[in-house]
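Asker: Dropping a structure here in structure tokens format, bear with me for questions.
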Amino acid sequence: MTEPEVRTRRLHPATLLFDVGRRMLSLAFYAVAVLWFASRRQEGWYLLFLVPPLVNALVRYVSFRYTMTADHLVVREGVLVKSVRHVPYARVQNLDTLQGPLHRLLGVVEVRLETAAGKEPEAVFQVISSAQLEELRERIFGARPQADVAAERAPEAAFFRMRTGDVLLFGLLSQRGLVYLGGALVVLREFSDLFAEERLRTGLETLERSSSTVSPLAWVVLAAALLVLLQLATMSWAWLTLHGFRIERVGEDLRTTCGLLTRQSASLPRGRIQVLEVRAGWLARLFGRAQVRVATAGGDSTGSGQVARKWLVPLCPRAELERLLGEVQPEARFADLTWRPLPVRARRRLLVRELLKWLPLAALVAWRFWPLGLVAVPLALALAVLLARLRHARLGFALAPGAVFLREGVLTRRVLCVRLEKVQAIELARSPLDRRARMARLRLDTAGATGDGLRFDLALLDLGEALRLMRAIRSDAARAEFRWN
Amino acid sequence: MSESPADVSVPQSGSPLAEPGAASLADGSLQRLDPRYVPCERIAGWVRSLVLLVLGLVGLLFHATGGEARFLRLLLLAGLLGAVVGLSVLATLLLPRLAWKHASWRLLPLVLELRRGVVFRRVISVPRARVQHTDVERGPIERRYDLATLVVHTAGHEDSEIRLEGLEHGVALALRDHLLGGAGDGA
């Protein structure tokens, strides 16, 4: 310990404001209930229920302390259960920041410190001042080797900036509005039952009665207007969260920043990407756009609700894709891949799957609208044949030096890339059907979140080809040392 | 590519059952599980069947004594219990032998390879450089037959814990030492 300056810091006093504010927000129902009871019973003592959150915030503020030593950070918190957490600077992966309008007004920022372990951030600094953040950055990243420090000081220019048009398009494509609408309808129903206000009920009834007299054209116009309104809402949501989305490369880290009012920033070490997916739904393809998702080891890649974490690149023109992927993952080139198709006999099994999907539906339609509905049966047959052919034409894999690729999907097309040094286990499975047709299914296991389809899983391979692929992957994977980042 | 596609299934006869020992462990030949795996699994199966039977009978007894028990329903439930226990007994008689027949492992220079599964046959390969740590587990029945289960942990997600059952205890220990030792040193 040659370096003497061990500094201990508290949180910024504004923490109290934000902590109470957030608690109130998350306990909004609780607070409303308390206020309602207090006003109804005309008894003030119900307000006492509001005291615990206040005390809690105060206690948390007073007890939280962090110390920066020469090579690690010590975070102390808690009164009854005290916790002292030591985090070596070298283990810190991310310093994610979040700065809302109020934060900016007060010159403070919320910081989450993440290591490769676990899903939860290692430490959350509810709010600290910008100067404290700079100091923290300096300490944590200043302790890294010299080359890294140089890179840290001089972030390269952003290699990707999302255009405003793409941000709005992302809102249009994400269909979030429909989810919200569904939620709103459910809430409305619940509340109309709960409060059973006579006026509301009669209002609904008159609406129902008048609905039969209103012309169908009016209904169509109303529905269209609602849809447009919804799309506008999702587009403004996208604009708020993704405005100014950019990715910079700082040394080996990818740093993402976005947000109009609340600015989020998150960083992801390039090496921590386990699986990378390029995806384009049919609407995105119509506009010549694509999206990029990644599964990472450690940290929370999807759950935190941060868009910047779920999508590495929410939306970008296809023309920019190659350059972008080169920055994100230079080890695996997406260009000039030689795709190997599935065997022709896979088509029959794909057809069976499609038939199992569409024929029951057609049968239902035929039964319900007898005899006119019978038309659905040949339609379903044709659809199944078409889809099976298209699927077969699209399915395939490619083996490149250091990485293996999978592509699939008819309407939503995706290409999955797994770097071989990230492969943990290789599984070749054969069902009875596979054995009869001399086929096999190949699955690769990697660290990190493999939910959401971010997993290499290819069925209906020719057995010989599957075995060759298995051997190629495992011998390459075995030669590369696995590193967490 | 010295191996032909046919090697995906375990050789049915004349497969070498190598002596345990570090020298023969890594020779890359397919090793069957210890033959005692079959009686060991059978005992486990009998225990399972017995537990099912006893629990079922107790349940039936409660049902019969508890008020308006109708004969027909009782008969139906008894039949159901009989079917379940019968299936369990059938599995006990047939499965261990089949599972043993289709299970094997081998240690290639850089990869540990396991094969198993009666209906769904799987070949699982774990690069030795990916082995994070290993456990050797022994249940009461396994101890009686001097068997052990080797559990290989990787940093993966779904296959993060890969179990190799039916190894002789000595072999399991040797395999563990081999995996933890000079992992990935060519040959």
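Residues in the structure tokens are named by chain (A, B, ... in the order shown) and by number from 1 within that chain; ligands are numbered from 1 in the order shown.
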Counting only C-alpha atoms, which residues of chain B come no farther than 7 Å from chain A, as a ChimeraX atom specification?
Answerer: /B:5,110-111,119-130,154-159
Asker: Might you pull out every residue within 10 Å of B:Gly56, with only C-alpha atoms counted and same-chain residues fewer than 2 positions away left off, and present them as a list of chain:residue names?
Answerer: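 Using only C-alpha atoms, the neighbours found are B:Leu50, B:Val51, B:Leu52, B:Leu53, B:Val54, B:Val58, B:Gly59, B:Leu60, B:Leu61, B:Phe62, B:Leu77, B:Ala78, B:Leu80, B:Leu81, B:Gly82, B:Val84, B:Val85.
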Asker: Please write the residues from the selection above to a file, keeping C-alpha atoms, as a PDB file, in the first residue's frame.
Answerer:
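Result saved to selection.pdb:
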```pdb
ATOM      1  CA  LEU B  50     -42.042 -49.909  -3.676  1.00  0.00           C
ATOM      2  CA  VAL B  51     -42.385 -46.296  -2.537  1.00  0.00           C
ATOM      3  CA  LEU B  52     -44.994 -45.675  -5.245  1.00  0.00           C
ATOM      4  CA  LEU B  53     -46.908 -48.796  -4.234  1.00  0.00           C
ATOM      5  CA  VAL B  54     -46.896 -48.005  -0.502  1.00  0.00           C
ATOM      6  CA  VAL B  58     -52.037 -45.635   1.845  1.00  0.00           C
ATOM      7  CA  GLY B  59     -53.898 -43.165  -0.334  1.00  0.00           C
ATOM      8  CA  LEU B  60     -56.399 -45.827  -1.388  1.00  0.00           C
ATOM      9  CA  LEU B  61     -56.919 -46.850   2.226  1.00  0.00           C
ATOM     10  CA  PHE B  62     -57.702 -43.285   3.229  1.00  0.00           C
ATOM     11  CA  LEU B  77     -58.117 -45.761  -8.729  1.00  0.00           C
ATOM     12  CA  ALA B  78     -56.697 -49.168  -7.838  1.00  0.00           C
ATOM     13  CA  LEU B  80     -54.560 -46.612 -12.065  1.00  0.00           C
ATOM     14  CA  LEU B  81     -52.183 -47.364  -9.200  1.00  0.00           C
ATOM     15  CA  GLY B  82     -51.572 -50.826 -10.629  1.00  0.00           C
ATOM     16  CA  VAL B  84     -48.327 -46.798 -12.580  1.00  0.00           C
ATOM     17  CA  VAL B  85     -46.548 -49.341 -10.403  1.00  0.00           C
TER      18      VAL B  85
END
```
Asker: Env of stretch 137-153 of chain B: 9 Å cut, atoms = only C-alpha atoms, seq-sep filter 2 positions within chain, self excluded. Answer as number ranges by chain.
Answerer: B: 34, 36-37, 39-41, 43-44, 126, 130-135, 155-156, 159-173, 175-176
Asker: Applying 9 Å and only C-alpha atoms, which residues near A:Val74 remain after dropping the ones on its own chain fewer than 2 positions away? List them as a PyMOL selection string.
Answerer: chain A and resi 8+65-69+72+76+84-88
Asker: Just how far from atom CA of A:Asn94 is atom CA of A:Ala57, in Å to one decimal?
Answerer: 25.7 Å
Asker: What separation in Å, quoted to one decimal, exists between atom CA of A:Thr262 and atom CA of A:Leu98?
Answerer: 6.7 Å
Asker: Set the distance at 8 Å and use only C-alpha atoms: which residues neighbour A:Arg293 once local chain neighbours fewer than 5 positions away are removed? I'd like the list as a PyMOL selection string.
Answerer: chain A and resi 276-279+310-313
Asker: Keeping only C-alpha atoms, write those residues as a PDB file, in the first residue's frame.
Answerer:
```pdb
ATOM      1  CA  LEU A 276     -24.627 -12.410 -31.293  1.00  0.00           C
ATOM      2  CA  GLU A 277     -27.801 -12.259 -33.334  1.00  0.00           C
ATOM      3  CA  VAL A 278     -28.715 -10.155 -36.342  1.00  0.00           C
ATOM      4  CA  ARG A 279     -32.469 -10.120 -36.771  1.00  0.00           C
ATOM      5  CA  LYS A 310     -31.657  -5.674 -24.786  1.00  0.00           C
ATOM      6  CA  TRP A 311     -30.676  -4.431 -28.193  1.00  0.00           C
ATOM      7  CA  LEU A 312     -27.056  -3.718 -28.835  1.00  0.00           C
ATOM      8  CA  VAL A 313     -28.208  -1.985 -32.009  1.00  0.00           C
TER       9      VAL A 313
END
```
Asker: Please provide the set of residues having any atom within 10 Å of A:Arg285, restricted to only C-alpha atoms, with same-chain residues fewer than 6 positions apart removed, written as an MDAnalysis selection string.
Answerer: chainID A and resid 279 317:318 411:413
